[in-house]
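A.B. asks: Sending over protein37.cif (mmCIF, N, CA and C atoms, pLDDT in the B column; chains and numbers go by the auth columns).
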data_model
loop_
_atom_site.group_PDB
_atom_site.id
_atom_site.type_symbol
_atom_site.label_atom_id
_atom_site.label_comp_id
_atom_site.label_asym_id
_atom_site.label_seq_id
_atom_site.Cartn_x
_atom_site.Cartn_y
_atom_site.Cartn_z
_atom_site.B_iso_or_equiv
_atom_site.auth_seq_id
_atom_site.auth_asym_id
ATOM 1 N N MET A 1 -4.053 -18.607 -81.844 44.00 1 S
ATOM 2 C CA MET A 1 -4.263 -17.256 -81.328 44.00 1 S
ATOM 3 C C MET A 1 -3.407 -17.056 -80.080 44.00 1 S
ATOM 4 N N MET A 2 -2.666 -15.952 -80.041 47.00 2 S
ATOM 5 C CA MET A 2 -1.833 -15.634 -78.885 47.00 2 S
ATOM 6 C C MET A 2 -2.674 -14.952 -77.824 47.00 2 S
ATOM 7 N N SER A 3 -2.427 -15.315 -76.567 51.00 3 S
ATOM 8 C CA SER A 3 -3.139 -14.625 -75.498 51.00 3 S
ATOM 9 C C SER A 3 -2.516 -13.246 -75.301 51.00 3 S
ATOM 10 N N GLN A 4 -3.298 -12.351 -74.822 53.00 4 S
ATOM 11 C CA GLN A 4 -2.849 -10.979 -74.610 53.00 4 S
ATOM 12 C C GLN A 4 -2.903 -10.646 -73.128 53.00 4 S
ATOM 13 N N GLU A 5 -1.909 -9.914 -72.646 55.00 5 S
ATOM 14 C CA GLU A 5 -1.930 -9.388 -71.292 55.00 5 S
ATOM 15 C C GLU A 5 -1.858 -7.878 -71.395 55.00 5 S
ATOM 16 N N ASN A 6 -2.507 -7.195 -70.490 51.00 6 S
ATOM 17 C CA ASN A 6 -2.526 -5.739 -70.524 51.00 6 S
ATOM 18 C C ASN A 6 -1.651 -5.200 -69.402 51.00 6 S
ATOM 19 N N HIS A 7 -0.595 -4.481 -69.769 50.00 7 S
ATOM 20 C CA HIS A 7 0.316 -3.860 -68.814 50.00 7 S
ATOM 21 C C HIS A 7 0.331 -2.364 -69.074 50.00 7 S
ATOM 22 N N HIS A 8 -0.193 -1.614 -68.160 61.00 8 S
ATOM 23 C CA HIS A 8 -0.198 -0.155 -68.287 61.00 8 S
ATOM 24 C C HIS A 8 -0.820 0.270 -69.614 61.00 8 S
ATOM 25 N N ASP A 9 -1.960 -0.278 -69.932 65.00 9 S
ATOM 26 C CA ASP A 9 -2.721 0.047 -71.136 65.00 9 S
ATOM 27 C C ASP A 9 -1.996 -0.323 -72.432 65.00 9 S
ATOM 28 N N VAL A 10 -1.043 -1.233 -72.373 70.00 10 S
ATOM 29 C CA VAL A 10 -0.358 -1.710 -73.567 70.00 10 S
ATOM 30 C C VAL A 10 -0.534 -3.225 -73.620 70.00 10 S
ATOM 31 N N ALA A 11 -1.108 -3.710 -74.688 75.00 11 S
ATOM 32 C CA ALA A 11 -1.316 -5.151 -74.830 75.00 11 S
ATOM 33 C C ALA A 11 -0.077 -5.781 -75.437 75.00 11 S
ATOM 34 N N LEU A 12 0.452 -6.802 -74.781 74.00 12 S
ATOM 35 C CA LEU A 12 1.625 -7.515 -75.261 74.00 12 S
ATOM 36 C C LEU A 12 1.277 -8.979 -75.457 74.00 12 S
ATOM 37 N N SER A 13 1.759 -9.541 -76.545 84.00 13 S
ATOM 38 C CA SER A 13 1.570 -10.976 -76.722 84.00 13 S
ATOM 39 C C SER A 13 2.522 -11.703 -75.776 84.00 13 S
ATOM 40 N N GLU A 14 2.299 -12.975 -75.564 82.00 14 S
ATOM 41 C CA GLU A 14 3.180 -13.751 -74.684 82.00 14 S
ATOM 42 C C GLU A 14 4.609 -13.738 -75.219 82.00 14 S
ATOM 43 N N GLU A 15 4.759 -13.811 -76.540 86.00 15 S
ATOM 44 C CA GLU A 15 6.096 -13.799 -77.145 86.00 15 S
ATOM 45 C C GLU A 15 6.812 -12.473 -76.873 86.00 15 S
ATOM 46 N N GLU A 16 6.103 -11.360 -77.027 85.00 16 S
ATOM 47 C CA GLU A 16 6.694 -10.049 -76.739 85.00 16 S
ATOM 48 C C GLU A 16 7.046 -9.929 -75.263 85.00 16 S
ATOM 49 N N GLU A 17 6.163 -10.435 -74.415 84.00 17 S
ATOM 50 C CA GLU A 17 6.403 -10.393 -72.970 84.00 17 S
ATOM 51 C C GLU A 17 7.678 -11.163 -72.625 84.00 17 S
ATOM 52 N N THR A 18 7.862 -12.333 -73.244 90.00 18 S
ATOM 53 C CA THR A 18 9.049 -13.149 -73.002 90.00 18 S
ATOM 54 C C THR A 18 10.306 -12.417 -73.453 90.00 18 S
ATOM 55 N N ARG A 19 10.243 -11.753 -74.591 89.00 19 S
ATOM 56 C CA ARG A 19 11.400 -10.979 -75.073 89.00 19 S
ATOM 57 C C ARG A 19 11.778 -9.889 -74.081 89.00 19 S
ATOM 58 N N TRP A 20 10.767 -9.158 -73.586 89.00 20 S
ATOM 59 C CA TRP A 20 11.041 -8.097 -72.624 89.00 20 S
ATOM 60 C C TRP A 20 11.605 -8.662 -71.335 89.00 20 S
ATOM 61 N N GLN A 21 11.091 -9.790 -70.882 91.00 21 S
ATOM 62 C CA GLN A 21 11.600 -10.407 -69.649 91.00 21 S
ATOM 63 C C GLN A 21 13.064 -10.787 -69.811 91.00 21 S
ATOM 64 N N LYS A 22 13.422 -11.362 -70.947 92.00 22 S
ATOM 65 C CA LYS A 22 14.819 -11.733 -71.194 92.00 22 S
ATOM 66 C C LYS A 22 15.710 -10.498 -71.247 92.00 22 S
ATOM 67 N N PHE A 23 15.225 -9.442 -71.904 93.00 23 S
ATOM 68 C CA PHE A 23 15.988 -8.195 -71.986 93.00 23 S
ATOM 69 C C PHE A 23 16.228 -7.613 -70.597 93.00 23 S
ATOM 70 N N LEU A 24 15.175 -7.533 -69.793 92.00 24 S
ATOM 71 C CA LEU A 24 15.298 -6.958 -68.455 92.00 24 S
ATOM 72 C C LEU A 24 16.168 -7.818 -67.550 92.00 24 S
ATOM 73 N N GLN A 25 16.117 -9.133 -67.700 92.00 25 S
ATOM 74 C CA GLN A 25 16.996 -10.009 -66.929 92.00 25 S
ATOM 75 C C GLN A 25 18.452 -9.723 -67.279 92.00 25 S
ATOM 76 N N GLY A 26 18.721 -9.504 -68.554 92.00 26 S
ATOM 77 C CA GLY A 26 20.081 -9.175 -68.978 92.00 26 S
ATOM 78 C C GLY A 26 20.551 -7.849 -68.399 92.00 26 S
ATOM 79 N N ILE A 27 19.698 -6.844 -68.455 90.00 27 S
ATOM 80 C CA ILE A 27 20.034 -5.527 -67.906 90.00 27 S
ATOM 81 C C ILE A 27 20.278 -5.623 -66.408 90.00 27 S
ATOM 82 N N ASN A 28 19.444 -6.366 -65.720 91.00 28 S
ATOM 83 C CA ASN A 28 19.582 -6.503 -64.268 91.00 28 S
ATOM 84 C C ASN A 28 20.777 -7.352 -63.875 91.00 28 S
ATOM 85 N N GLY A 29 21.410 -8.006 -64.839 91.00 29 S
ATOM 86 C CA GLY A 29 22.572 -8.840 -64.558 91.00 29 S
ATOM 87 C C GLY A 29 23.862 -8.052 -64.386 91.00 29 S
ATOM 88 N N PHE A 30 23.852 -6.767 -64.745 90.00 30 S
ATOM 89 C CA PHE A 30 25.051 -5.950 -64.582 90.00 30 S
ATOM 90 C C PHE A 30 25.283 -5.654 -63.105 90.00 30 S
ATOM 91 N N THR A 31 26.538 -5.650 -62.711 91.00 31 S
ATOM 92 C CA THR A 31 26.873 -5.332 -61.329 91.00 31 S
ATOM 93 C C THR A 31 26.807 -3.825 -61.107 91.00 31 S
ATOM 94 N N GLU A 32 26.771 -3.413 -59.852 88.00 32 S
ATOM 95 C CA GLU A 32 26.669 -1.992 -59.508 88.00 32 S
ATOM 96 C C GLU A 32 27.850 -1.178 -60.024 88.00 32 S
ATOM 97 N N ASP A 33 29.007 -1.814 -60.210 90.00 33 S
ATOM 98 C CA ASP A 33 30.185 -1.064 -60.643 90.00 33 S
ATOM 99 C C ASP A 33 30.268 -0.907 -62.166 90.00 33 S
ATOM 100 N N PHE A 34 29.315 -1.457 -62.897 86.00 34 S
ATOM 101 C CA PHE A 34 29.311 -1.310 -64.347 86.00 34 S
ATOM 102 C C PHE A 34 29.054 0.152 -64.694 86.00 34 S
ATOM 103 N N PHE A 35 29.978 0.758 -65.406 85.00 35 S
ATOM 104 C CA PHE A 35 29.932 2.181 -65.770 85.00 35 S
ATOM 105 C C PHE A 35 29.880 3.090 -64.539 85.00 35 S
ATOM 106 N N ALA A 36 30.487 2.659 -63.443 87.00 36 S
ATOM 107 C CA ALA A 36 30.461 3.443 -62.208 87.00 36 S
ATOM 108 C C ALA A 36 31.078 4.828 -62.410 87.00 36 S
ATOM 109 N N GLU A 37 32.070 4.900 -63.274 86.00 37 S
ATOM 110 C CA GLU A 37 32.722 6.191 -63.552 86.00 37 S
ATOM 111 C C GLU A 37 32.237 6.792 -64.857 86.00 37 S
ATOM 112 N N GLY A 38 31.133 6.310 -65.353 85.00 38 S
ATOM 113 C CA GLY A 38 30.606 6.828 -66.610 85.00 38 S
ATOM 114 C C GLY A 38 31.249 6.133 -67.802 85.00 38 S
ATOM 115 N N ARG A 39 30.751 6.450 -68.953 83.00 39 S
ATOM 116 C CA ARG A 39 31.271 5.862 -70.183 83.00 39 S
ATOM 117 C C ARG A 39 32.478 6.656 -70.635 83.00 39 S
ATOM 118 N N LYS A 40 33.590 5.978 -70.818 82.00 40 S
ATOM 119 C CA LYS A 40 34.803 6.646 -71.284 82.00 40 S
ATOM 120 C C LYS A 40 34.932 6.413 -72.783 82.00 40 S
ATOM 121 N N GLN A 41 34.712 7.473 -73.512 82.00 41 S
ATOM 122 C CA GLN A 41 34.737 7.396 -74.963 82.00 41 S
ATOM 123 C C GLN A 41 35.894 8.253 -75.464 82.00 41 S
ATOM 124 N N GLY A 42 36.573 7.774 -76.479 83.00 42 S
ATOM 125 C CA GLY A 42 37.692 8.520 -77.039 83.00 42 S
ATOM 126 C C GLY A 42 37.243 9.809 -77.693 83.00 42 S
ATOM 127 N N ASP A 43 38.227 10.634 -78.048 87.00 43 S
ATOM 128 C CA ASP A 43 37.932 11.891 -78.727 87.00 43 S
ATOM 129 C C ASP A 43 37.355 11.626 -80.111 87.00 43 S
ATOM 130 N N ASN A 44 36.551 12.561 -80.585 87.00 44 S
ATOM 131 C CA ASN A 44 36.029 12.463 -81.953 87.00 44 S
ATOM 132 C C ASN A 44 37.173 12.676 -82.931 87.00 44 S
ATOM 133 N N CYS A 45 37.195 11.896 -83.984 88.00 45 S
ATOM 134 C CA CYS A 45 38.250 12.072 -84.986 88.00 45 S
ATOM 135 C C CYS A 45 37.735 12.958 -86.114 88.00 45 S
ATOM 136 N N GLU A 46 38.664 13.639 -86.775 90.00 46 S
ATOM 137 C CA GLU A 46 38.322 14.497 -87.899 90.00 46 S
ATOM 138 C C GLU A 46 38.033 13.612 -89.112 90.00 46 S
ATOM 139 N N ARG A 47 36.977 13.944 -89.823 87.00 47 S
ATOM 140 C CA ARG A 47 36.608 13.197 -91.020 87.00 47 S
ATOM 141 C C ARG A 47 36.464 14.162 -92.177 87.00 47 S
ATOM 142 N N GLU A 48 36.726 13.640 -93.356 89.00 48 S
ATOM 143 C CA GLU A 48 36.556 14.509 -94.523 89.00 48 S
ATOM 144 C C GLU A 48 35.062 14.726 -94.796 89.00 48 S
ATOM 145 N N SER A 49 34.754 15.819 -95.401 89.00 49 S
ATOM 146 C CA SER A 49 33.364 16.188 -95.657 89.00 49 S
ATOM 147 C C SER A 49 32.754 15.259 -96.691 89.00 49 S
ATOM 148 N N LEU A 50 31.486 14.993 -96.561 88.00 50 S
ATOM 149 C CA LEU A 50 30.757 14.212 -97.562 88.00 50 S
ATOM 150 C C LEU A 50 30.121 15.088 -98.618 88.00 50 S
ATOM 151 N N ASP A 51 30.261 16.412 -98.461 83.00 51 S
ATOM 152 C CA ASP A 51 29.634 17.376 -99.373 83.00 51 S
ATOM 153 C C ASP A 51 30.450 17.663 -100.616 83.00 51 S
ATOM 154 N N ASP A 52 31.495 16.925 -100.887 63.00 52 S
ATOM 155 C CA ASP A 52 32.344 17.188 -102.069 63.00 52 S
ATOM 156 C C ASP A 52 31.636 16.933 -103.364 63.00 52 S
#
For this file, write the structure as structure tokens.
C.D. replies:
Amino acid sequence: MMSQENHHDVALSEEEETRWQKFLQGINGFTEDFFAEGRKQGDNCERESLDD
């Protein structure tokens, strides 16, 4: 049986909690200059219709 912890009225198993901790550690690992000027995405390309 997995133990449960209650965070803001949401019960998470220890395994789920560990996954979230790893995810948040990864997110917090980005430096302040990451995407400092926003995301630069190329122009949309023209595609043929799928309605043929």
A.B. asks: Pull the helix (DSSP H, G or I) assignments for chain S out of DSSP run on the backbone, and list those residues as a list in words.
C.D. replies: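 Restricting chain S to helix (DSSP H, G or I) produces Glu14, Glu15, Glu16, Glu17, Thr18, Arg19, Trp20, Gln21, Lys22, Phe23, Leu24, Gln25, Gly26, Ile27 and Asn28 of chain S.
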A.B. asks: Could you work out how far CA of Asn28 in chain S lies from atom N of Glu14 in chain S, giving the answer in Å with one decimal?
C.D. replies: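 Calculated distance between atom N of Glu14 in chain S and CA of Asn28 in chain S is 21.6 Å.
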A.B. asks: I'd like to know which residues of chain S are strand (DSSP E or B) (by DSSP, run on the backbone); could you write them as a compact mmCIF listing (two decimals) with N, CA and C atoms, keeping the file's coordinate frame?
C.D. replies:
# COMPACT_ATOMS: atom_id res chain seq x y z
N GLN S 4 -3.30 -12.35 -74.82
CA GLN S 4 -2.85 -10.98 -74.61
C GLN S 4 -2.90 -10.65 -73.13
N GLU S 5 -1.91 -9.91 -72.65
CA GLU S 5 -1.93 -9.39 -71.29
C GLU S 5 -1.86 -7.88 -71.40
N ASN S 6 -2.51 -7.20 -70.49
CA ASN S 6 -2.53 -5.74 -70.52
C ASN S 6 -1.65 -5.20 -69.40
N HIS S 7 -0.60 -4.48 -69.77
CA HIS S 7 0.32 -3.86 -68.81
C HIS S 7 0.33 -2.36 -69.07
N VAL S 10 -1.04 -1.23 -72.37
CA VAL S 10 -0.36 -1.71 -73.57
C VAL S 10 -0.53 -3.22 -73.62
N ALA S 11 -1.11 -3.71 -74.69
CA ALA S 11 -1.32 -5.15 -74.83
C ALA S 11 -0.08 -5.78 -75.44
N LEU S 12 0.45 -6.80 -74.78
CA LEU S 12 1.62 -7.52 -75.26
C LEU S 12 1.28 -8.98 -75.46
N SER S 13 1.76 -9.54 -76.54
CA SER S 13 1.57 -10.98 -76.72
C SER S 13 2.52 -11.70 -75.78
A.B. asks: What gap, in Å, lies between CA of Glu16 in chain S and atom N of Gly29 in chain S?
C.D. replies: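 Taking CA of Glu16 in chain S as the start and atom N of Gly29 in chain S as the end point, the length is 19.0 Å.
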A.B. asks: If I only want chain S, can you write it with C-alpha atoms, as a PDB file, in the first residue's frame?
C.D. replies:
ATOM      1  CA  MET S   1       0.000   0.000   0.000  1.00  0.00           C
ATOM      2  CA  MET S   2       1.348   3.425  -0.978  1.00  0.00           C
ATOM      3  CA  SER S   3       1.222   6.177   1.593  1.00  0.00           C
ATOM      4  CA  GLN S   4      -0.743   9.249   0.661  1.00  0.00           C
ATOM      5  CA  GLU S   5       0.058  12.896   1.326  1.00  0.00           C
ATOM      6  CA  ASN S   6      -2.495  15.658   0.991  1.00  0.00           C
ATOM      7  CA  HIS S   7      -1.366  18.829  -0.800  1.00  0.00           C
ATOM      8  CA  HIS S   8      -4.005  21.475  -1.353  1.00  0.00           C
ATOM      9  CA  ASP S   9      -6.822  18.917  -1.145  1.00  0.00           C
ATOM     10  CA  VAL S  10      -5.156  16.637  -3.716  1.00  0.00           C
ATOM     11  CA  ALA S  11      -3.889  13.257  -2.565  1.00  0.00           C
ATOM     12  CA  LEU S  12      -0.654  12.168  -4.229  1.00  0.00           C
ATOM     13  CA  SER S  13       1.096   8.864  -3.863  1.00  0.00           C
ATOM     14  CA  GLU S  14       4.794   8.941  -2.985  1.00  0.00           C
ATOM     15  CA  GLU S  15       5.613   7.888  -6.560  1.00  0.00           C
ATOM     16  CA  GLU S  16       3.572  10.761  -8.032  1.00  0.00           C
ATOM     17  CA  GLU S  17       5.142  13.170  -5.555  1.00  0.00           C
ATOM     18  CA  THR S  18       8.626  12.037  -6.640  1.00  0.00           C
ATOM     19  CA  ARG S  19       7.740  12.557 -10.310  1.00  0.00           C
ATOM     20  CA  TRP S  20       6.530  16.090  -9.611  1.00  0.00           C
ATOM     21  CA  GLN S  21       9.646  16.872  -7.566  1.00  0.00           C
ATOM     22  CA  LYS S  22      11.893  15.726 -10.421  1.00  0.00           C
ATOM     23  CA  PHE S  23       9.863  17.747 -12.933  1.00  0.00           C
ATOM     24  CA  LEU S  24      10.013  20.907 -10.819  1.00  0.00           C
ATOM     25  CA  GLN S  25      13.748  20.461 -10.207  1.00  0.00           C
ATOM     26  CA  GLY S  26      14.231  20.318 -13.970  1.00  0.00           C
ATOM     27  CA  ILE S  27      12.134  23.438 -14.544  1.00  0.00           C
ATOM     28  CA  ASN S  28      13.987  25.302 -11.809  1.00  0.00           C
ATOM     29  CA  GLY S  29      17.290  24.344 -13.439  1.00  0.00           C
ATOM     30  CA  PHE S  30      16.809  26.831 -16.282  1.00  0.00           C
ATOM     31  CA  THR S  31      18.800  30.033 -16.007  1.00  0.00           C
ATOM     32  CA  GLU S  32      17.120  33.450 -15.935  1.00  0.00           C
ATOM     33  CA  ASP S  33      18.168  34.135 -19.532  1.00  0.00           C
ATOM     34  CA  PHE S  34      16.318  31.092 -20.901  1.00  0.00           C
ATOM     35  CA  PHE S  35      13.735  32.491 -23.344  1.00  0.00           C
ATOM     36  CA  ALA S  36      14.621  36.000 -22.136  1.00  0.00           C
ATOM     37  CA  GLU S  37      13.576  37.393 -25.519  1.00  0.00           C
ATOM     38  CA  GLY S  38      10.625  35.069 -25.881  1.00  0.00           C
ATOM     39  CA  ARG S  39      10.257  32.048 -28.090  1.00  0.00           C
ATOM     40  CA  LYS S  40      11.428  32.667 -31.632  1.00  0.00           C
ATOM     41  CA  GLN S  41       9.398  30.495 -33.927  1.00  0.00           C
ATOM     42  CA  GLY S  42       9.593  30.487 -37.704  1.00  0.00           C
ATOM     43  CA  ASP S  43       6.753  31.520 -39.971  1.00  0.00           C
ATOM     44  CA  ASN S  44       3.910  29.087 -40.568  1.00  0.00           C
ATOM     45  CA  CYS S  45       4.311  27.224 -43.831  1.00  0.00           C
ATOM     46  CA  GLU S  46       1.525  26.722 -46.352  1.00  0.00           C
ATOM     47  CA  ARG S  47       0.121  23.201 -46.406  1.00  0.00           C
ATOM     48  CA  GLU S  48      -2.214  21.523 -48.797  1.00  0.00           C
ATOM     49  CA  SER S  49      -5.761  20.980 -47.605  1.00  0.00           C
ATOM     50  CA  LEU S  50      -6.758  17.667 -46.070  1.00  0.00           C
ATOM     51  CA  ASP S  51     -10.335  18.130 -47.313  1.00  0.00           C
ATOM     52  CA  ASP S  52      -9.639  16.764 -50.820  1.00  0.00           C
TER      53      ASP S  52
END
